[in-house]
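Pasted below: start_37.cif, mmCIF, C-alpha atoms and all ligand atoms.
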```cif
data_target
loop_
_atom_site.label_atom_id
_atom_site.label_comp_id
_atom_site.auth_asym_id
_atom_site.auth_seq_id
_atom_site.Cartn_x
_atom_site.Cartn_y
_atom_site.Cartn_z
CA MET I 13 19.54 2.87 10.79
CA THR I 14 19.84 -0.40 8.87
CA THR I 15 16.97 -2.20 7.25
CA THR I 16 17.17 -5.92 7.83
CA ARG I 17 16.07 -7.83 4.74
CA PRO I 18 15.09 -11.39 4.03
CA THR I 19 17.64 -13.57 2.21
CA ASP I 20 17.52 -17.07 0.74
CA ARG I 21 13.76 -17.34 1.13
CA THR I 22 11.06 -18.46 -1.24
CA VAL I 23 8.89 -15.39 -1.39
CA LEU I 24 5.42 -14.89 -2.86
CA ILE I 25 4.27 -11.37 -3.67
CA THR I 26 0.59 -11.24 -4.53
CA GLY I 27 -0.15 -8.19 -6.66
CA GLY I 28 3.57 -8.12 -7.45
CA ALA I 29 3.02 -6.57 -10.88
CA GLY I 30 1.36 -3.54 -9.26
CA PHE I 31 2.82 -0.35 -7.86
CA ILE I 32 3.93 -1.42 -4.37
CA GLY I 33 4.40 -5.11 -5.21
CA SER I 34 6.78 -4.43 -8.09
CA HIS I 35 9.00 -2.20 -5.96
CA LEU I 36 9.06 -4.95 -3.32
CA ALA I 37 9.94 -7.53 -5.95
CA ASN I 38 12.88 -5.42 -7.09
CA ALA I 39 14.11 -5.07 -3.52
CA LEU I 40 13.97 -8.85 -2.93
CA VAL I 41 14.82 -10.53 -6.19
CA ASP I 42 18.61 -10.51 -5.90
CA ASP I 43 18.71 -12.39 -2.60
CA ASN I 44 15.57 -14.54 -2.73
CA GLU I 45 13.52 -16.73 -5.00
CA VAL I 46 10.62 -14.44 -5.87
CA ARG I 47 7.25 -15.53 -7.19
CA ILE I 48 4.61 -13.07 -8.23
CA LEU I 49 0.92 -13.87 -8.40
CA ASP I 50 -0.97 -11.23 -10.35
CA ASP I 51 -3.98 -11.26 -12.66
CA LEU I 52 -2.65 -8.12 -14.39
CA SER I 53 -6.03 -6.41 -13.85
CA SER I 54 -4.21 -3.19 -12.97
CA GLY I 55 -0.58 -4.33 -12.82
CA THR I 56 1.62 -4.85 -15.85
CA ARG I 57 4.00 -7.60 -16.89
CA ALA I 58 6.67 -5.02 -17.77
CA THR I 59 7.21 -4.21 -14.06
CA VAL I 60 8.06 -7.82 -13.16
CA PRO I 61 11.83 -8.25 -12.66
CA GLU I 62 13.48 -10.67 -15.04
CA ASP I 63 14.58 -13.04 -12.29
CA ALA I 64 11.14 -13.29 -10.69
CA THR I 65 8.57 -15.90 -11.72
CA LEU I 66 5.20 -14.51 -12.76
CA ILE I 67 2.18 -16.67 -12.12
CA GLU I 68 -0.53 -14.93 -14.07
CA GLY I 69 -3.82 -15.72 -12.39
CA ASP I 70 -6.49 -14.76 -9.93
CA LEU I 71 -5.95 -15.07 -6.19
CA ARG I 72 -9.60 -16.07 -5.88
CA ASP I 73 -8.92 -19.25 -7.84
CA GLU I 74 -8.01 -22.15 -5.56
CA ALA I 75 -5.75 -24.01 -8.00
CA THR I 76 -3.84 -20.80 -8.77
CA ARG I 77 -3.49 -20.05 -5.07
CA GLU I 78 -2.18 -23.57 -4.40
CA ARG I 79 0.37 -23.27 -7.16
CA ALA I 80 1.53 -19.88 -5.93
CA THR I 81 1.79 -20.79 -2.26
CA THR I 82 3.21 -24.31 -2.28
CA GLY I 83 6.71 -24.24 -0.81
CA VAL I 84 6.80 -20.53 0.10
CA ASP I 85 8.11 -19.30 3.43
CA LEU I 86 7.22 -15.63 3.16
CA ILE I 87 4.21 -13.91 1.61
CA PHE I 88 3.72 -10.21 0.94
CA HIS I 89 0.04 -9.77 0.20
CA GLU I 90 -0.52 -6.71 -1.98
CA ALA I 91 -3.18 -7.93 -4.43
CA ALA I 92 -6.44 -6.07 -3.97
CA LEU I 93 -9.19 -4.15 -5.61
CA VAL I 94 -7.56 -0.84 -4.65
CA SER I 95 -10.40 1.58 -5.15
CA VAL I 96 -12.62 3.08 -2.50
CA GLN I 97 -15.06 4.21 -5.17
CA GLY I 98 -14.90 0.82 -6.90
CA SER I 99 -15.80 -0.87 -3.62
CA VAL I 100 -18.80 1.42 -3.20
CA GLU I 101 -19.98 0.43 -6.68
CA ASP I 102 -19.22 -3.27 -6.23
CA PRO I 103 -19.08 -4.24 -2.54
CA LEU I 104 -19.31 -7.96 -3.31
CA GLY I 105 -16.43 -7.75 -5.78
CA SER I 106 -14.35 -5.87 -3.22
CA HIS I 107 -15.18 -8.38 -0.52
CA ALA I 108 -14.33 -11.34 -2.75
CA ILE I 109 -10.73 -10.25 -3.28
CA ASN I 110 -10.00 -7.92 -0.37
CA ALA I 111 -11.57 -10.12 2.30
CA THR I 112 -12.48 -13.69 1.22
CA ALA I 113 -9.46 -14.39 -1.01
CA THR I 114 -7.22 -12.81 1.63
CA LEU I 115 -8.62 -15.14 4.27
CA GLU I 116 -8.05 -18.06 1.90
CA LEU I 117 -4.47 -16.88 1.48
CA LEU I 118 -4.03 -16.88 5.28
CA GLU I 119 -5.25 -20.49 5.28
CA ALA I 120 -2.68 -21.39 2.62
CA ALA I 121 0.00 -19.64 4.69
CA ARG I 122 -1.06 -21.69 7.71
CA ARG I 123 -0.63 -24.86 5.70
CA GLU I 124 2.85 -23.75 4.56
CA ASP I 125 3.77 -22.16 7.91
CA ALA I 126 4.74 -19.04 5.94
CA ARG I 127 4.99 -15.55 7.38
CA VAL I 128 2.45 -13.11 5.96
CA VAL I 129 3.03 -9.37 5.66
CA LEU I 130 -0.38 -7.98 4.83
CA ALA I 131 -1.22 -4.70 3.08
CA SER I 132 -3.81 -3.09 5.34
CA SER I 133 -4.83 0.55 4.96
CA ALA I 134 -5.46 3.84 6.73
CA ALA I 135 -8.97 3.45 5.28
CA ILE I 136 -9.79 1.21 8.26
CA TYR I 137 -9.91 4.31 10.50
CA GLY I 138 -12.60 6.03 8.43
CA HIS I 139 -13.17 9.61 9.61
CA PRO I 140 -10.66 9.90 12.47
CA GLU I 141 -11.60 11.76 15.65
CA GLY I 142 -8.25 13.54 15.52
CA VAL I 143 -4.74 13.37 14.11
CA PRO I 144 -2.20 11.87 14.41
CA ILE I 145 -4.01 8.54 14.20
CA ALA I 146 -2.66 5.83 16.50
CA GLU I 147 -3.15 2.11 15.86
CA THR I 148 -5.45 1.87 18.88
CA ASP I 149 -7.78 4.66 17.70
CA PRO I 150 -11.41 3.87 16.82
CA LYS I 151 -12.01 2.15 13.51
CA THR I 152 -15.07 3.27 11.63
CA PRO I 153 -14.31 2.50 7.98
CA ALA I 154 -16.39 4.63 5.62
CA SER I 155 -16.37 2.27 2.60
CA PRO I 156 -16.65 -1.44 1.78
CA TYR I 157 -12.92 -1.29 0.93
CA GLY I 158 -12.13 -0.05 4.46
CA ILE I 159 -14.41 -2.66 6.02
CA ASP I 160 -12.73 -5.45 4.05
CA LYS I 161 -9.26 -4.23 4.99
CA LEU I 162 -10.26 -3.97 8.66
CA SER I 163 -11.62 -7.48 8.62
CA VAL I 164 -8.38 -9.00 7.26
CA ASP I 165 -6.27 -6.82 9.55
CA HIS I 166 -8.19 -8.45 12.44
CA TYR I 167 -7.88 -11.91 10.91
CA ALA I 168 -4.12 -11.57 10.55
CA ARG I 169 -3.75 -10.81 14.24
CA ARG I 170 -6.12 -13.55 15.32
CA TYR I 171 -4.35 -16.06 13.07
CA HIS I 172 -1.22 -15.31 15.05
CA GLU I 173 -2.97 -15.80 18.39
CA LEU I 174 -5.06 -18.79 17.39
CA TYR I 175 -2.67 -20.72 15.16
CA GLY I 176 0.76 -19.22 15.82
CA LEU I 177 1.00 -17.96 12.24
CA GLU I 178 3.58 -15.18 11.87
CA THR I 179 1.67 -12.16 10.57
CA VAL I 180 2.30 -8.42 10.42
CA SER I 181 -0.28 -5.97 9.07
CA LEU I 182 0.94 -2.72 7.59
CA ARG I 183 -1.62 0.08 7.48
CA TYR I 184 -0.33 2.18 4.62
CA PHE I 185 -1.28 5.84 4.53
CA ASN I 186 -1.01 7.54 1.09
CA ALA I 187 1.75 5.79 -0.83
CA TYR I 188 3.27 7.45 -3.88
CA GLY I 189 6.28 7.23 -6.15
CA PRO I 190 7.52 6.12 -9.56
CA GLY I 191 5.30 3.53 -11.21
CA GLN I 192 2.05 4.58 -9.59
CA THR I 193 -0.92 5.05 -11.86
CA ALA I 194 -3.74 7.50 -11.21
CA GLY I 195 -6.79 6.70 -9.08
CA ASP I 196 -8.59 7.93 -5.93
CA TYR I 197 -6.56 9.80 -3.34
CA SER I 198 -3.68 7.39 -3.24
CA GLY I 199 -3.16 8.46 -6.84
CA VAL I 200 -3.62 12.21 -6.40
CA ILE I 201 0.10 12.75 -6.87
CA SER I 202 0.09 10.86 -10.16
CA VAL I 203 -2.97 12.82 -11.34
CA PHE I 204 -1.35 16.14 -10.43
CA CYS I 205 1.95 15.14 -12.08
CA ASP I 206 0.15 14.21 -15.30
CA GLN I 207 -1.74 17.51 -15.27
CA ALA I 208 1.29 19.64 -14.41
CA LEU I 209 3.51 18.04 -17.06
CA ALA I 210 0.79 18.60 -19.66
CA ASP I 211 0.44 22.22 -18.47
CA GLU I 212 -3.21 21.52 -17.73
CA PRO I 213 -4.95 22.86 -14.61
CA LEU I 214 -4.43 20.81 -11.46
CA THR I 215 -7.91 19.96 -10.18
CA VAL I 216 -8.23 20.14 -6.41
CA HIS I 217 -11.47 18.79 -4.95
CA GLY I 218 -13.16 21.29 -2.62
CA ASP I 219 -11.13 23.96 -0.82
CA GLY I 220 -7.95 21.88 -0.81
CA GLY I 221 -7.64 22.17 2.97
CA GLN I 222 -7.91 18.40 3.42
CA THR I 223 -4.63 16.89 4.64
CA ARG I 224 -2.88 13.60 3.89
CA ASP I 225 0.25 11.79 5.03
CA PHE I 226 2.08 10.92 1.79
CA VAL I 227 4.69 8.22 2.17
CA PHE I 228 7.27 7.54 -0.52
CA ILE I 229 7.51 4.04 -1.96
CA ASP I 230 11.05 3.43 -0.61
CA ASP I 231 9.71 3.82 2.91
CA ILE I 232 6.77 1.51 2.19
CA VAL I 233 9.31 -1.07 0.99
CA GLN I 234 11.46 -0.48 4.05
CA ALA I 235 8.46 -1.15 6.35
CA ASN I 236 7.76 -4.40 4.49
CA LEU I 237 11.36 -5.59 4.79
CA GLN I 238 11.37 -4.83 8.52
CA ALA I 239 8.03 -6.63 8.92
CA ALA I 240 9.42 -9.65 7.08
CA THR I 241 12.35 -10.03 9.45
CA THR I 242 11.14 -8.73 12.83
CA ASP I 243 10.58 -10.88 15.93
CA GLN I 244 7.57 -8.68 16.72
CA VAL I 245 4.91 -10.68 14.94
CA GLY I 246 1.15 -10.56 15.38
CA GLY I 247 0.92 -6.77 15.27
CA ALA I 248 -0.48 -4.07 13.01
CA TYR I 249 1.39 -0.86 12.28
CA ASN I 250 0.74 2.47 10.61
CA VAL I 251 3.11 3.21 7.74
CA GLY I 252 3.35 6.92 7.04
CA THR I 253 5.72 9.78 7.71
CA GLY I 254 4.01 11.29 10.75
CA THR I 255 3.65 14.55 8.80
CA SER I 256 0.98 15.83 6.46
CA VAL I 257 0.31 18.46 3.81
CA THR I 258 -2.88 19.99 2.49
CA ILE I 259 -3.93 19.00 -1.01
CA ARG I 260 -3.60 22.63 -2.02
CA GLU I 261 0.03 22.72 -0.77
CA LEU I 262 0.67 19.46 -2.59
CA ALA I 263 -0.62 20.93 -5.87
CA GLU I 264 1.59 23.99 -5.38
CA ALA I 265 4.63 21.84 -4.65
CA ILE I 266 4.06 19.79 -7.82
CA VAL I 267 3.70 22.92 -9.94
CA ASP I 268 6.97 24.09 -8.43
CA VAL I 269 8.88 20.82 -8.89
CA THR I 270 7.71 20.39 -12.50
CA GLY I 271 8.28 24.06 -13.37
CA SER I 272 4.81 23.91 -14.95
CA SER I 273 2.83 26.96 -15.97
CA ALA I 274 -0.41 25.18 -15.05
CA ASP I 275 -3.04 26.83 -12.83
CA ILE I 276 -4.61 25.21 -9.81
CA THR I 277 -8.40 25.05 -9.97
CA HIS I 278 -10.95 23.90 -7.43
CA THR I 279 -13.79 21.55 -8.29
CA GLU I 280 -16.76 20.34 -6.26
CA GLY I 281 -15.75 18.70 -2.95
CA ARG I 282 -16.12 14.93 -2.82
CA GLU I 283 -18.91 13.54 -0.72
CA GLY I 284 -17.66 11.64 2.30
CA ASP I 285 -14.08 12.88 1.83
CA ILE I 286 -11.95 12.45 4.94
CA ARG I 287 -10.78 15.86 6.14
CA HIS I 288 -7.55 15.10 7.96
CA SER I 289 -5.27 12.09 7.91
CA ARG I 290 -1.84 11.69 9.47
CA ALA I 291 -0.19 8.62 10.92
CA ASP I 292 1.19 8.29 14.41
CA ILE I 293 4.30 6.22 13.66
CA ALA I 294 5.62 5.79 17.22
CA ALA I 295 4.78 2.06 17.31
CA ILE I 296 6.45 1.05 14.04
CA ARG I 297 9.44 3.21 14.96
CA SER I 298 10.01 1.60 18.31
CA GLU I 299 8.95 -1.97 17.49
CA LEU I 300 10.18 -2.46 13.92
CA GLY I 301 12.92 0.19 13.78
CA TYR I 302 11.20 1.93 10.85
CA GLU I 303 12.21 5.50 10.07
CA PRO I 304 10.90 7.51 7.10
CA THR I 305 13.86 8.52 4.95
CA VAL I 306 12.44 10.44 1.98
CA SER I 307 11.03 13.95 2.38
CA LEU I 308 8.00 15.01 0.35
CA ARG I 309 10.16 17.34 -1.72
CA GLU I 310 12.67 14.64 -2.62
CA GLY I 311 9.93 12.10 -3.22
CA LEU I 312 8.10 14.49 -5.56
CA GLU I 313 11.31 15.21 -7.46
CA ARG I 314 11.95 11.51 -7.98
CA THR I 315 8.33 10.86 -8.93
CA VAL I 316 8.18 13.76 -11.40
CA GLU I 317 11.41 12.56 -12.99
CA TRP I 318 9.80 9.19 -13.57
CA TYR I 319 6.65 10.72 -15.08
CA ARG I 320 8.77 12.81 -17.40
CA GLN I 321 10.37 9.65 -18.74
CA HIS I 322 7.14 7.67 -19.10
P1 LIG O 401 -1.96 -1.73 -7.47
O1 LIG O 401 -3.34 -1.71 -8.04
O2 LIG O 401 -0.86 -1.07 -8.21
O3 LIG O 401 -1.54 -3.23 -7.18
C1 LIG O 401 -2.47 -4.26 -6.91
C2 LIG O 401 -2.10 -5.45 -7.79
O4 LIG O 401 -2.98 -6.54 -7.50
C3 LIG O 401 -2.25 -5.17 -9.30
O5 LIG O 401 -1.04 -5.53 -9.96
C4 LIG O 401 -3.40 -6.03 -9.74
O6 LIG O 401 -3.27 -6.47 -11.08
C5 LIG O 401 -3.35 -7.17 -8.72
N1 LIG O 401 -4.63 -7.83 -8.50
C6 LIG O 401 -5.84 -7.26 -8.28
N2 LIG O 401 -6.77 -8.20 -8.12
C7 LIG O 401 -6.15 -9.40 -8.20
C8 LIG O 401 -6.59 -10.75 -8.12
N3 LIG O 401 -7.88 -11.05 -7.90
N4 LIG O 401 -5.68 -11.75 -8.25
C9 LIG O 401 -4.37 -11.45 -8.49
N5 LIG O 401 -3.91 -10.19 -8.58
C10 LIG O 401 -4.79 -9.17 -8.44
O7 LIG O 401 -2.08 -1.12 -6.00
P2 LIG O 401 -0.95 -0.71 -4.95
O8 LIG O 401 -1.06 0.75 -4.76
O9 LIG O 401 0.34 -1.31 -5.28
O10 LIG O 401 -1.52 -1.38 -3.62
C11 LIG O 401 -0.97 -2.55 -3.05
C12 LIG O 401 -1.70 -2.88 -1.76
O11 LIG O 401 -1.55 -1.79 -0.84
C13 LIG O 401 -3.19 -3.10 -1.91
O12 LIG O 401 -3.58 -4.16 -1.06
C14 LIG O 401 -3.80 -1.80 -1.41
O13 LIG O 401 -5.10 -1.99 -0.91
C15 LIG O 401 -2.82 -1.40 -0.35
N6 LIG O 401 -2.80 0.04 -0.07
C16 LIG O 401 -2.28 0.90 -1.00
C17 LIG O 401 -2.24 2.27 -0.70
C18 LIG O 401 -1.66 3.24 -1.65
O14 LIG O 401 -1.59 4.42 -1.31
N7 LIG O 401 -1.21 2.84 -2.84
C19 LIG O 401 -2.73 2.73 0.54
C20 LIG O 401 -3.26 1.82 1.43
C21 LIG O 401 -3.26 0.48 1.14
#
```

Please lay out the structure from this file as structure tokens.
Amino acid sequence: MTTTRPTDRTVLITGGAGFIGSHLANALVDDNEVRILDDLSSGTRATVPEDATLIEGDLRDEATRERATTGVDLIFHEAALVSVQGSVEDPLGSHAINATATLELLEAARREDARVVLASSAAIYGHPEGVPIAETDPKTPASPYGIDKLSVDHYARRYHELYGLETVSLRYFNAYGPGQTAGDYSGVISVFCDQALADEPLTVHGDGGQTRDFVFIDDIVQANLQAATTDQVGGAYNVGTGTSVTIRELAEAIVDVTGSSADITHTEGREGDIRHSRADIAAIRSELGYEPTVSLREGLERTVEWYRQH
């Protein structure tokens, strides 16, 4: 399988100093002119490749948005308030960046006639009726974050139908890999790695029987590159591996990979926690040619190696 990749384009990556955005920037910078718009609220300047241009600013600011989008032909939109809990505490703040500023970015893309690859999320499905979760399954987001992501996922598709804008939404499941910092469930692997490498107990919420589909960063990047070059625009696709592990198994695997002597302990379950999550990836496979390439074991080894060095 070959991943087609954009070349000779002027590319904007919002949130390009963050975890996913910085990996994307590295994958694109040799063959494209890459601009990054990031307010460095959670991202860091150190992750920005030397040959990329960093526009330090807030996507919510119109002048900054204008500067970042003028002349671009491809936008990867990763900037977000990426915290389910944060969105529960500050729904207006979540909406301002995750929904309103995203809609404003779609407007800017319309003006520039730029393709938009949008970071959506498995959070839009809320508590699924069953797994694997297909794109057409019911969407009952359980947090303001999920509601905001669902709204822009809808907007992206309607912008294609209404205005002919080329959009692709990618509904990431649980991304992980080098460069990720701890936080919520998307960061459970970074939390466990930190704990295991410090020989401190790995803290599993509840019985640890909850399952997640962890997808390594290389495959998230691959999905973005396919989405940037496909003829199949206007769609929304799950990005996962199609497999899942329990959080308990994940903790055990990390203890094993790190060679840690840490114990695994169980703390109070988290209210509203989703029990099972696993992506049905048939659509992205057949329509974009996506194929997960990194097993959980290999991904954990590469991630642990990175944590050891940082
Ligand atoms: P991240 O926090 O590492 O990256 C987000 C980046 O956006 C950061 O660099 C941050 O500084 C920047 N940012 C935040 N608010 C901004 C603003 N107002 N203006 C400009 N920049 C701003 O998170 P990530 O894990 O790389 O996530 C990237 C995208 O993928 C997000 O949209 C997130 O919702 C989505 N997503 C991530 C996961 C996951 O497992 N990591 C899962 C589903 C969806």

(request) Record the distance separating atom CA of Glu74 of chain I and atom CA of Ala131 of chain I, expressed in Å with one decimal. (result) 20.6 Å

Counting only C-alpha atoms and all ligand atoms, which residues of chain I fall within 8 Å of ligand LIG 401 (chain O), and what is the closest atom pair for each with its distance in Å at one decimal, ordered by chain and rising number, as JSON lines?
```
{"residue": "I:Thr26", "atom": "CA", "partner": "O:LIG401", "partner_atom": "N5", "distance": 6.1}
{"residue": "I:Gly27", "atom": "CA", "partner": "O:LIG401", "partner_atom": "O4", "distance": 3.4}
{"residue": "I:Gly28", "atom": "CA", "partner": "O:LIG401", "partner_atom": "O5", "distance": 5.9}
{"residue": "I:Ala29", "atom": "CA", "partner": "O:LIG401", "partner_atom": "O5", "distance": 4.3}
{"residue": "I:Gly30", "atom": "CA", "partner": "O:LIG401", "partner_atom": "O5", "distance": 3.2}
{"residue": "I:Phe31", "atom": "CA", "partner": "O:LIG401", "partner_atom": "O9", "distance": 3.7}
{"residue": "I:Ile32", "atom": "CA", "partner": "O:LIG401", "partner_atom": "O9", "distance": 3.7}
{"residue": "I:Gly33", "atom": "CA", "partner": "O:LIG401", "partner_atom": "O9", "distance": 5.6}
{"residue": "I:Ser34", "atom": "CA", "partner": "O:LIG401", "partner_atom": "O9", "distance": 7.7}
{"residue": "I:Leu49", "atom": "CA", "partner": "O:LIG401", "partner_atom": "C9", "distance": 5.8}
{"residue": "I:Asp50", "atom": "CA", "partner": "O:LIG401", "partner_atom": "N5", "distance": 3.6}
{"residue": "I:Asp51", "atom": "CA", "partner": "O:LIG401", "partner_atom": "C9", "distance": 4.2}
{"residue": "I:Leu52", "atom": "CA", "partner": "O:LIG401", "partner_atom": "O6", "distance": 3.8}
{"residue": "I:Ser53", "atom": "CA", "partner": "O:LIG401", "partner_atom": "O6", "distance": 3.9}
{"residue": "I:Ser54", "atom": "CA", "partner": "O:LIG401", "partner_atom": "O6", "distance": 3.9}
{"residue": "I:Gly55", "atom": "CA", "partner": "O:LIG401", "partner_atom": "O5", "distance": 3.1}
{"residue": "I:Thr56", "atom": "CA", "partner": "O:LIG401", "partner_atom": "O5", "distance": 6.5}
{"residue": "I:Glu68", "atom": "CA", "partner": "O:LIG401", "partner_atom": "C9", "distance": 7.6}
{"residue": "I:Gly69", "atom": "CA", "partner": "O:LIG401", "partner_atom": "C9", "distance": 5.8}
{"residue": "I:Asp70", "atom": "CA", "partner": "O:LIG401", "partner_atom": "N4", "distance": 3.5}
{"residue": "I:Leu71", "atom": "CA", "partner": "O:LIG401", "partner_atom": "N4", "distance": 3.9}
{"residue": "I:Arg72", "atom": "CA", "partner": "O:LIG401", "partner_atom": "N3", "distance": 5.7}
{"residue": "I:His89", "atom": "CA", "partner": "O:LIG401", "partner_atom": "O12", "distance": 6.8}
{"residue": "I:Glu90", "atom": "CA", "partner": "O:LIG401", "partner_atom": "C12", "distance": 4.0}
{"residue": "I:Ala91", "atom": "CA", "partner": "O:LIG401", "partner_atom": "O4", "distance": 3.4}
{"residue": "I:Ala92", "atom": "CA", "partner": "O:LIG401", "partner_atom": "O12", "distance": 4.5}
{"residue": "I:Leu93", "atom": "CA", "partner": "O:LIG401", "partner_atom": "C6", "distance": 5.3}
{"residue": "I:Val94", "atom": "CA", "partner": "O:LIG401", "partner_atom": "O13", "distance": 4.6}
{"residue": "I:Ser95", "atom": "CA", "partner": "O:LIG401", "partner_atom": "O13", "distance": 7.7}
{"residue": "I:Ile109", "atom": "CA", "partner": "O:LIG401", "partner_atom": "N3", "distance": 5.5}
{"residue": "I:Asn110", "atom": "CA", "partner": "O:LIG401", "partner_atom": "O12", "distance": 7.5}
{"residue": "I:Ala113", "atom": "CA", "partner": "O:LIG401", "partner_atom": "N3", "distance": 7.8}
{"residue": "I:Leu130", "atom": "CA", "partner": "O:LIG401", "partner_atom": "O12", "distance": 7.7}
{"residue": "I:Ala131", "atom": "CA", "partner": "O:LIG401", "partner_atom": "O12", "distance": 4.8}
{"residue": "I:Ser132", "atom": "CA", "partner": "O:LIG401", "partner_atom": "C21", "distance": 5.5}
{"residue": "I:Ser133", "atom": "CA", "partner": "O:LIG401", "partner_atom": "C20", "distance": 4.1}
{"residue": "I:Ala134", "atom": "CA", "partner": "O:LIG401", "partner_atom": "C20", "distance": 6.1}
{"residue": "I:Ala135", "atom": "CA", "partner": "O:LIG401", "partner_atom": "C20", "distance": 7.1}
{"residue": "I:Lys161", "atom": "CA", "partner": "O:LIG401", "partner_atom": "O13", "distance": 7.6}
{"residue": "I:Arg183", "atom": "CA", "partner": "O:LIG401", "partner_atom": "C20", "distance": 6.5}
{"residue": "I:Tyr184", "atom": "CA", "partner": "O:LIG401", "partner_atom": "C20", "distance": 4.3}
{"residue": "I:Phe185", "atom": "CA", "partner": "O:LIG401", "partner_atom": "C19", "distance": 5.3}
{"residue": "I:Asn186", "atom": "CA", "partner": "O:LIG401", "partner_atom": "O14", "distance": 4.0}
{"residue": "I:Ala187", "atom": "CA", "partner": "O:LIG401", "partner_atom": "O14", "distance": 3.6}
{"residue": "I:Tyr188", "atom": "CA", "partner": "O:LIG401", "partner_atom": "O14", "distance": 6.3}
{"residue": "I:Gln192", "atom": "CA", "partner": "O:LIG401", "partner_atom": "O2", "distance": 6.5}
{"residue": "I:Thr193", "atom": "CA", "partner": "O:LIG401", "partner_atom": "O2", "distance": 7.1}
{"residue": "I:Tyr197", "atom": "CA", "partner": "O:LIG401", "partner_atom": "O14", "distance": 7.6}
{"residue": "I:Ser198", "atom": "CA", "partner": "O:LIG401", "partner_atom": "O14", "distance": 4.1}
{"residue": "I:Gly199", "atom": "CA", "partner": "O:LIG401", "partner_atom": "O14", "distance": 7.0}
```

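Excluding Gly284 of chain I and any residue on its chain fewer than 6 positions from it, the residues at most 10 Å away by only C-alpha atoms are Gly138, His139, Ala154 and Ser155 of chain I.
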
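The space between atom CA of Gly271 of chain I and atom CA of Gly311 of chain I spans 15.8 Å.
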
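With distances restricted to only C-alpha atoms, I:Ala120 is the closest residue to Arg79 of chain I from I:Ala120, I:Ala58, I:Ala111, I:Val200.
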
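Distances here use all atoms listed in the file; by that measure, the residue among I:Leu24, I:Ala295, I:Leu174, I:Leu262 closest to Val203 of chain I is I:Leu262.
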
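Taking atom CA of Arg224 of chain I as the reference point, atom CA of Asp292 of chain I is found at 12.5 Å.
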
(request) Would you mind listing what lies within 9 Å of His107 of chain I as a list in words, with only C-alpha atoms counted and same-chain residues fewer than 4 positions away left out? (result) Leu93, Ser99, Asp102, Pro103, Ala111, Thr112, Ala113, Pro156, Tyr157, Ile159 and Asp160 of chain I

I need the residues from that last selection saved to file as a PDB file, in the frame of the given file (with C-alpha atoms), if you can.
```
ATOM      1  CA  LEU I  93      -9.190  -4.150  -5.610  1.00  0.00           C
ATOM      2  CA  SER I  99     -15.800  -0.870  -3.620  1.00  0.00           C
ATOM      3  CA  ASP I 102     -19.220  -3.270  -6.230  1.00  0.00           C
ATOM      4  CA  PRO I 103     -19.080  -4.240  -2.540  1.00  0.00           C
ATOM      5  CA  ALA I 111     -11.570 -10.120   2.300  1.00  0.00           C
ATOM      6  CA  THR I 112     -12.480 -13.690   1.220  1.00  0.00           C
ATOM      7  CA  ALA I 113      -9.460 -14.390  -1.010  1.00  0.00           C
ATOM      8  CA  PRO I 156     -16.650  -1.440   1.780  1.00  0.00           C
ATOM      9  CA  TYR I 157     -12.920  -1.290   0.930  1.00  0.00           C
ATOM     10  CA  ILE I 159     -14.410  -2.660   6.020  1.00  0.00           C
ATOM     11  CA  ASP I 160     -12.730  -5.450   4.050  1.00  0.00           C
TER      12      ASP I 160
END
```

Box dimensions and centre (Å, one decimal) enclosing segment 49-64 of chain I, axis-aligned, 5 Å extra per side, as JSON:
```
{"center_x": 4.3, "center_y": -8.5, "center_z": -13.1, "size_x": 30.6, "size_y": 20.7, "size_z": 19.4}
```
